[in-house]
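Peer 1: Enclosed is the structure file final25.txt (compact mmCIF, C-alpha atoms).
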# COMPACT_ATOMS: atom_id res chain seq x y z
CA MET A 26 17.41 16.04 3.51
CA LYS A 27 19.90 15.14 6.24
CA LYS A 28 18.34 13.60 9.34
CA VAL A 29 19.03 15.73 12.40
CA SER A 30 20.22 13.70 15.38
CA PHE A 31 20.10 14.57 19.06
CA GLU A 32 23.87 15.02 18.92
CA ASP A 33 23.44 17.66 16.20
CA VAL A 34 20.81 19.50 18.22
CA ALA A 35 22.90 19.39 21.39
CA PHE A 36 26.04 20.60 19.62
CA GLU A 37 24.19 23.48 17.94
CA ALA A 38 22.61 24.54 21.24
CA THR A 39 25.78 24.33 23.35
CA GLY A 40 28.55 25.02 20.87
CA GLY A 41 30.39 21.98 22.20
CA GLY A 42 32.45 21.79 25.33
CA ASP A 43 31.47 20.53 28.79
CA ALA A 44 27.79 21.43 28.41
CA TYR A 45 27.59 19.35 25.21
CA HIS A 46 29.14 16.26 26.81
CA LYS A 47 26.96 16.57 29.92
CA LEU A 48 23.81 16.60 27.80
CA LEU A 49 24.99 13.60 25.75
CA ASP A 50 25.76 11.68 28.94
CA LYS A 51 22.27 12.43 30.27
CA TYR A 52 20.74 11.45 26.93
CA ASN A 53 22.55 8.08 26.92
CA GLU A 54 21.72 7.39 30.55
CA ASP A 55 18.01 7.99 29.98
CA LEU A 56 18.00 5.89 26.81
CA GLU A 57 19.75 3.04 28.59
CA ALA A 58 17.29 3.18 31.50
CA VAL A 59 14.29 3.05 29.17
CA SER A 60 15.88 0.24 27.14
CA GLU A 61 16.42 -1.94 30.18
CA LYS A 62 12.85 -1.46 31.36
CA LYS A 63 10.83 -1.99 28.20
CA GLY A 64 13.16 -3.52 25.68
CA GLU A 65 15.01 -1.95 22.80
CA GLU A 66 12.12 -1.61 20.34
CA LYS A 67 9.70 -0.10 22.83
CA ALA A 68 12.46 2.13 24.16
CA ILE A 69 13.16 3.56 20.70
CA GLU A 70 9.45 4.10 20.09
CA LYS A 71 9.06 5.79 23.45
CA PHE A 72 12.15 7.90 22.98
CA ASN A 73 11.02 9.10 19.55
CA SER A 74 7.87 10.41 21.16
CA MET A 75 10.05 12.31 23.64
CA LYS A 76 12.23 14.03 21.02
CA ALA A 77 10.32 17.29 21.04
CA GLU A 78 10.39 17.40 24.84
CA TYR A 79 14.09 16.59 24.86
CA HIS A 80 14.80 19.26 22.28
CA THR A 81 12.98 21.86 24.36
CA GLN A 82 14.65 20.77 27.59
CA THR A 83 18.07 20.80 25.93
CA ILE A 84 17.65 24.40 24.81
CA LYS A 85 16.39 25.43 28.26
CA GLU A 86 19.34 23.81 30.02
CA CYS A 87 21.82 25.39 27.61
CA ASN A 88 20.24 28.82 28.07
CA GLU A 89 20.42 28.44 31.84
CA MET A 90 24.07 27.36 31.67
CA ASN A 91 24.98 30.32 29.47
CA THR A 92 23.20 32.74 31.79
CA ALA A 93 24.82 31.25 34.90
CA GLN A 94 28.30 31.57 33.36
CA LYS A 95 27.75 35.20 32.38
CA VAL A 96 26.27 36.12 35.76
CA GLU A 97 29.19 34.56 37.60
CA LYS A 98 31.64 36.49 35.41
CA ILE A 99 29.82 39.79 35.98
CA SER A 100 29.30 39.34 39.72
CA ARG A 101 33.00 38.56 40.22
CA ALA A 102 34.28 41.26 37.87
CA SER A 103 34.85 43.76 40.67
CA PRO A 104 35.09 43.78 44.49
CA PHE A 105 32.81 46.83 44.32
CA ILE A 106 29.86 44.72 43.08
CA SER A 107 27.44 43.51 45.76
CA GLU A 108 23.90 42.12 46.09
CA THR A 109 22.78 44.96 48.37
CA VAL A 110 24.23 48.29 49.46
CA MET A 111 23.95 50.41 52.62
CA LYS A 112 23.01 54.08 52.28
CA ASN A 113 22.19 56.38 55.19
CA GLU A 114 21.91 53.34 57.48
CA HIS A 115 19.33 51.73 55.18
CA GLU A 116 19.90 48.62 53.08
CA LEU A 117 18.91 48.95 49.43
CA ASP A 118 18.01 45.89 47.33
CA ARG A 119 16.72 45.21 43.79
CA SER A 120 13.05 45.33 44.81
CA MET A 121 13.46 49.05 45.48
CA PHE A 122 14.36 49.63 41.82
CA PHE A 123 12.49 47.03 39.75
CA PRO A 124 8.98 45.68 40.30
CA THR A 125 8.55 41.93 40.09
CA ALA A 126 5.56 41.81 37.76
CA PRO A 127 4.07 38.81 35.89
CA ILE A 128 5.79 38.85 32.52
CA ASN A 129 2.74 37.72 30.54
CA ASP A 130 0.19 40.25 31.77
CA PRO A 131 -1.99 41.48 28.90
CA VAL A 132 -1.35 45.03 27.76
CA SER A 133 -5.12 45.35 27.33
CA GLU A 134 -8.12 43.08 26.79
CA GLU A 135 -7.36 42.95 23.05
CA VAL A 136 -3.56 42.90 23.19
CA LYS A 137 -1.35 40.30 24.87
CA LEU A 138 2.45 40.51 25.11
CA HIS A 139 4.01 37.10 25.71
CA PHE A 140 7.58 35.87 26.28
CA ASP A 141 8.69 32.64 24.55
CA ASP A 142 11.28 31.30 27.00
CA ILE A 143 12.52 28.65 24.55
CA ASN A 144 13.45 30.92 21.65
CA TYR A 145 13.82 34.13 23.70
CA LYS A 146 11.22 36.08 21.74
CA TRP A 147 8.68 38.67 22.82
CA LEU A 148 5.50 38.11 20.84
CA ILE A 149 2.32 40.13 20.60
CA ARG A 150 -1.13 38.83 19.81
CA LYS A 151 -4.02 41.13 18.92
CA ASN A 152 -7.63 39.99 19.15
CA ASN A 153 -6.59 36.32 19.16
CA GLY A 154 -4.74 36.75 15.85
CA LEU A 155 -1.41 35.19 14.94
CA PRO A 156 1.51 36.11 17.23
CA LYS A 157 3.99 38.61 15.82
CA LEU A 158 7.57 39.23 16.86
CA VAL A 159 8.23 42.37 18.90
CA SER A 160 11.83 41.86 20.07
CA ARG A 161 14.35 39.34 21.37
CA PHE A 162 15.17 41.08 24.64
CA PHE A 163 16.59 38.85 27.35
CA VAL A 164 18.54 40.41 30.21
CA ASP A 165 21.36 38.27 31.58
CA ALA A 166 22.21 40.71 34.37
CA ALA A 167 22.00 44.34 35.43
CA LEU A 168 24.05 46.68 37.60
CA ILE A 169 22.62 49.54 39.65
CA VAL A 170 25.47 52.06 39.78
CA ASP A 171 26.02 54.31 42.81
CA ALA A 172 22.55 53.90 44.31
CA TYR A 173 21.82 56.61 46.86
CA ALA A 174 18.11 56.12 47.63
CA PRO A 175 15.26 53.74 46.71
CA GLY A 176 14.75 54.05 42.95
CA SER A 177 17.59 56.55 42.57
CA CYS A 178 21.06 55.88 41.17
CA ARG A 179 23.77 57.39 39.00
CA ALA A 180 23.24 54.88 36.19
CA LEU A 181 21.74 51.54 35.28
CA VAL A 182 23.82 49.06 33.27
CA VAL A 183 21.98 46.30 31.40
CA PHE A 184 23.66 43.22 29.90
CA LEU A 185 21.50 41.91 27.05
CA ARG A 186 21.84 38.37 25.70
CA GLY A 187 23.86 38.63 22.50
CA GLY A 188 24.86 42.24 23.11
CA LEU A 189 28.41 43.33 22.27
CA LYS A 190 28.49 45.86 25.12
CA PRO A 191 26.13 46.68 27.99
CA LEU A 192 23.50 49.40 27.72
CA ILE A 193 23.88 52.40 30.03
CA PHE A 194 20.90 54.44 31.21
CA TRP A 195 22.08 57.53 33.04
CA GLY A 196 20.10 58.40 36.13
CA GLY A 197 18.35 55.04 35.83
CA ASN A 198 15.90 56.56 33.32
CA ILE A 199 14.85 53.95 30.77
CA GLU A 200 13.16 56.14 28.18
CA PRO A 201 11.92 54.62 24.87
CA ALA A 202 14.30 56.80 22.84
CA ALA A 203 17.29 55.66 24.94
CA VAL A 204 16.35 52.00 24.46
CA ARG A 205 15.98 52.37 20.69
CA LYS A 206 19.20 54.38 20.34
CA GLN A 207 21.26 51.72 22.11
CA THR A 208 19.61 48.76 20.33
CA GLN A 209 19.83 49.94 16.72
CA PHE A 210 21.06 46.54 15.52
CA HIS A 211 18.83 44.48 17.78
CA GLN A 212 16.37 42.26 15.89
CA LYS A 213 13.06 44.06 15.70
CA GLY A 214 9.73 42.52 14.74
CA LEU A 215 6.91 43.67 12.51
CA THR A 216 5.26 45.55 15.34
CA VAL A 217 8.26 47.79 16.02
CA ARG A 218 6.36 50.67 14.44
CA ASN A 219 4.39 50.73 17.71
CA ARG A 220 7.10 52.00 20.05
CA ASP A 221 5.16 51.14 23.20
CA PHE A 222 5.39 47.38 22.59
CA TYR A 223 9.13 47.46 21.92
CA HIS A 224 9.79 49.54 25.04
CA GLU A 225 7.36 47.48 27.12
CA SER A 226 9.11 44.23 26.15
CA PHE A 227 12.44 45.70 27.30
CA LEU A 228 11.00 46.76 30.67
CA ARG A 229 9.44 43.35 31.21
CA ALA A 230 12.68 41.59 30.28
CA LEU A 231 14.46 43.70 32.88
CA CYS A 232 11.84 43.01 35.56
CA MET A 233 12.05 39.24 35.03
CA CYS A 234 15.85 39.24 35.47
CA PRO A 235 16.82 37.99 38.96
CA ASN A 236 20.51 38.80 38.47
CA VAL A 237 20.60 42.42 39.56
CA PHE A 238 23.61 43.71 41.49
CA PHE A 239 24.86 47.00 42.89
CA LEU A 240 28.08 48.62 41.72
CA THR A 241 29.69 51.27 43.92
CA MET A 242 32.19 53.11 41.75
CA PRO A 243 35.60 53.89 43.30
CA LYS A 244 35.93 57.59 44.03
CA HIS A 245 39.55 57.84 42.93
CA CYS A 246 42.65 55.85 42.03
CA GLY A 247 44.52 54.36 44.95
CA TRP A 248 43.09 52.78 48.07
CA ASN A 249 39.27 52.54 48.26
CA THR A 250 36.84 50.80 50.58
CA THR A 251 34.48 48.19 49.08
CA PRO A 252 30.81 47.84 50.17
CA ASP A 253 31.79 44.98 52.49
CA GLY A 254 34.51 47.04 54.18
CA ARG A 255 37.63 45.74 52.44
CA ARG A 256 40.45 48.04 51.36
CA VAL A 257 41.30 47.62 47.66
CA PHE A 258 43.87 49.39 45.53
CA VAL A 259 42.31 50.78 42.33
CA SER A 260 44.19 51.70 39.16
CA SER A 261 43.52 51.89 35.41
CA GLU A 262 44.99 48.41 35.04
CA ASN A 263 42.16 46.72 36.96
CA MET A 264 39.33 48.78 35.46
CA ILE A 265 36.58 46.68 33.82
CA PRO A 266 36.79 47.50 30.07
CA VAL A 267 33.05 47.21 29.34
CA LEU A 268 32.32 49.67 32.17
CA ALA A 269 34.86 52.26 31.13
CA ASP A 270 32.12 54.67 30.03
CA LEU A 271 30.98 54.98 33.64
CA PHE A 272 34.17 56.89 34.47
CA TYR A 273 33.11 59.75 32.24
CA ASP A 274 30.58 62.41 33.14
CA VAL A 275 29.35 62.96 29.58
CA LYS A 276 25.74 61.77 29.33
CA GLU A 277 24.21 61.65 25.88
Please, can you express the file's structure as structure tokens?
Peer 2:
Amino acid sequence: MKKVSFEDVAFEATGGGDAYHKLLDKYNEDLEAVSEKKGEEKAIEKFNSMKAEYHTQTIKECNEMNTAQKVEKISRASPFISETVMKNEHELDRSMFFPTAPINDPVSEEVKLHFDDINYKWLIRKNNGLPKLVSRFFVDAALIVDAYAPGSCRALVVFLRGGLKPLIFWGGNIEPAAVRKQTQFHQKGLTVRNRDFYHESFLRALCMCPNVFFLTMPKHCGWNTTPDGRRVFVSSENMIPVLADLFYDVKE
């Protein structure tokens, strides 16, 4: 069996590029520092004991980098995207739409739903039994579309990790059937037959996402005013492709 090196792990986690080279540089710097302090043999012995920790930290850093890149792309996709929005002289923010709840709260005394932040898995454990996979929901970012009051909006757009296109929940209603319909090819675990766990894992993934923005849709083509007061010319050429469905009134 081929021995897996740190370089292999880093390349698999990052896919190469700048993130890969940054991790290798950090790896070599740490190894050199340990070598100088305790000698080469002790350094290798010490570093071998740190492999598991390094592996975990590498994955975490890569996940954070990927999320940061996606969030930056989404937040800059349109001048009509903002962190808050003013309606009727009141400022609306994410806390008025999503509760910030502990993500590992037990569903009941016998059932615990837990998020594995290394492998991005929602796991359920019943009566201290073995954990079973529920879903792999991780929300990179979300857009609250045309918010007009606390908890009320025209639509909610959710960008899932690994999703080909964002999910759209009209009226901001995240019903179990709507989640399942839009995640037909999402990896589902053995406990998917219990719809509550699958839906609950999605809601918790959304609540733990800090990257929630507001999108105020332009009312028409031509000159429009952005949330921060700028005048911007809007046409079909600068429409965001993944949000094209928001321009239609048909709600399935």
Peer 1: Quick one: residues within 8 Å of (10.3, 49.3, 25.3) (file frame), counting only C-alpha atoms, please, as a PyMOL selection string.
Peer 2: chain A and resi 200-201+204-205+220-228
Peer 1: Suppose we keep C-alpha atoms; can you now write the selection as a PDB file, keeping the file's coordinate frame?
Peer 2:
ATOM      1  CA  GLU A 200      13.160  56.140  28.180  1.00  0.00           C
ATOM      2  CA  PRO A 201      11.920  54.620  24.870  1.00  0.00           C
ATOM      3  CA  VAL A 204      16.350  52.000  24.460  1.00  0.00           C
ATOM      4  CA  ARG A 205      15.980  52.370  20.690  1.00  0.00           C
ATOM      5  CA  ARG A 220       7.100  52.000  20.050  1.00  0.00           C
ATOM      6  CA  ASP A 221       5.160  51.140  23.200  1.00  0.00           C
ATOM      7  CA  PHE A 222       5.390  47.380  22.590  1.00  0.00           C
ATOM      8  CA  TYR A 223       9.130  47.460  21.920  1.00  0.00           C
ATOM      9  CA  HIS A 224       9.790  49.540  25.040  1.00  0.00           C
ATOM     10  CA  GLU A 225       7.360  47.480  27.120  1.00  0.00           C
ATOM     11  CA  SER A 226       9.110  44.230  26.150  1.00  0.00           C
ATOM     12  CA  PHE A 227      12.440  45.700  27.300  1.00  0.00           C
ATOM     13  CA  LEU A 228      11.000  46.760  30.670  1.00  0.00           C
TER      14      LEU A 228
END
Peer 1: Of the candidates A:Glu32, A:Glu108, A:Glu135, A:Asp55, which shows the shortest atom-to-atom distance to Val170 (chain A), using all atoms listed in the file?
Peer 2: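 Smallest separation from Val170 (chain A) among the options: A:Glu108.
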Peer 1: Show which residues sit within 8 Å of Met111 (chain A), as a VMD selection string. Count only C-alpha atoms, and ignore same-chain residues fewer than 5 positions away.
Peer 2: chain A and resid 116 to 117 252
Peer 1: Which neighbours of Gly154 (chain A) fall inside 10 Å, counting only C-alpha atoms, when residues of the same chain fewer than 3 positions from it are skipped, and could you give them as a list in words?
Peer 2: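 Close residues of Gly154 (chain A): Glu135, Val136, Ile149, Arg150, Lys151 and Lys157 of chain A.
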Peer 1: Work out how far CA of Leu138 (chain A) is from CA of Asn152 (chain A), in Å to one decimal.
Peer 2: 11.7 Å
Peer 1: Excluding region 235-246 of chain A and any residue of its chain fewer than 6 positions from it, enumerate the residues within 9 Å of it, using only C-alpha atoms, and give them as a list of chain:residue names.
Peer 2: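 Selected residues are A:Val96, A:Ser100, A:Ser103, A:Pro104, A:Phe105, A:Ile106, A:Ser107, A:Glu108, A:Thr109, A:Val110, A:Asp118, A:Arg119, A:Val164, A:Asp165, A:Ala166, A:Ala167, A:Leu168, A:Ile169, A:Val170, A:Asp171, A:Ala172, A:Pro252, A:Phe258, A:Val259, A:Ser260, A:Ser261, A:Leu271, A:Phe272.
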Peer 1: Residues of the last selection are to be written out with C-alpha atoms, as a compact mmCIF listing (two decimals), keeping the file's coordinate frame.
Peer 2:
# COMPACT_ATOMS: atom_id res chain seq x y z
CA VAL A 96 26.27 36.12 35.76
CA SER A 100 29.30 39.34 39.72
CA SER A 103 34.85 43.76 40.67
CA PRO A 104 35.09 43.78 44.49
CA PHE A 105 32.81 46.83 44.32
CA ILE A 106 29.86 44.72 43.08
CA SER A 107 27.44 43.51 45.76
CA GLU A 108 23.90 42.12 46.09
CA THR A 109 22.78 44.96 48.37
CA VAL A 110 24.23 48.29 49.46
CA ASP A 118 18.01 45.89 47.33
CA ARG A 119 16.72 45.21 43.79
CA VAL A 164 18.54 40.41 30.21
CA ASP A 165 21.36 38.27 31.58
CA ALA A 166 22.21 40.71 34.37
CA ALA A 167 22.00 44.34 35.43
CA LEU A 168 24.05 46.68 37.60
CA ILE A 169 22.62 49.54 39.65
CA VAL A 170 25.47 52.06 39.78
CA ASP A 171 26.02 54.31 42.81
CA ALA A 172 22.55 53.90 44.31
CA PRO A 252 30.81 47.84 50.17
CA PHE A 258 43.87 49.39 45.53
CA VAL A 259 42.31 50.78 42.33
CA SER A 260 44.19 51.70 39.16
CA SER A 261 43.52 51.89 35.41
CA LEU A 271 30.98 54.98 33.64
CA PHE A 272 34.17 56.89 34.47
Peer 1: Compute the distance from (21.6, 56.4, 31.9) to each atom, counting only C-alpha atoms, keep the residues with any atom at most 10 Å away, and return them as a PyMOL selection string; use the coordinates of the file.
Peer 2: chain A and resi 170+178-182+192-200+203+271+276-277
Peer 1: Could you save the residues just selected, with C-alpha atoms, as an mmCIF file, keeping the file's coordinate frame?
Peer 2:
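Final file, out.cif:
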data_model
loop_
_atom_site.group_PDB
_atom_site.id
_atom_site.type_symbol
_atom_site.label_atom_id
_atom_site.label_comp_id
_atom_site.auth_asym_id
_atom_site.auth_seq_id
_atom_site.Cartn_x
_atom_site.Cartn_y
_atom_site.Cartn_z
ATOM 1 C CA VAL A 170 25.470 52.060 39.780
ATOM 2 C CA CYS A 178 21.060 55.880 41.170
ATOM 3 C CA ARG A 179 23.770 57.390 39.000
ATOM 4 C CA ALA A 180 23.240 54.880 36.190
ATOM 5 C CA LEU A 181 21.740 51.540 35.280
ATOM 6 C CA VAL A 182 23.820 49.060 33.270
ATOM 7 C CA LEU A 192 23.500 49.400 27.720
ATOM 8 C CA ILE A 193 23.880 52.400 30.030
ATOM 9 C CA PHE A 194 20.900 54.440 31.210
ATOM 10 C CA TRP A 195 22.080 57.530 33.040
ATOM 11 C CA GLY A 196 20.100 58.400 36.130
ATOM 12 C CA GLY A 197 18.350 55.040 35.830
ATOM 13 C CA ASN A 198 15.900 56.560 33.320
ATOM 14 C CA ILE A 199 14.850 53.950 30.770
ATOM 15 C CA GLU A 200 13.160 56.140 28.180
ATOM 16 C CA ALA A 203 17.290 55.660 24.940
ATOM 17 C CA LEU A 271 30.980 54.980 33.640
ATOM 18 C CA LYS A 276 25.740 61.770 29.330
ATOM 19 C CA GLU A 277 24.210 61.650 25.880
#
Peer 1: In Å, with one decimal, what is the gap from CA of Pro124 (chain A) to CA of Gly176 (chain A)?
Peer 2: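 Computing it gives 10.5 Å between the two atoms.
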Peer 1: Report, in Å to a single decimal, how far apart CA of His139 (chain A) and CA of Gln209 (chain A) are.
Peer 2: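 CA of Gln209 (chain A) sits 22.3 Å away from CA of His139 (chain A).
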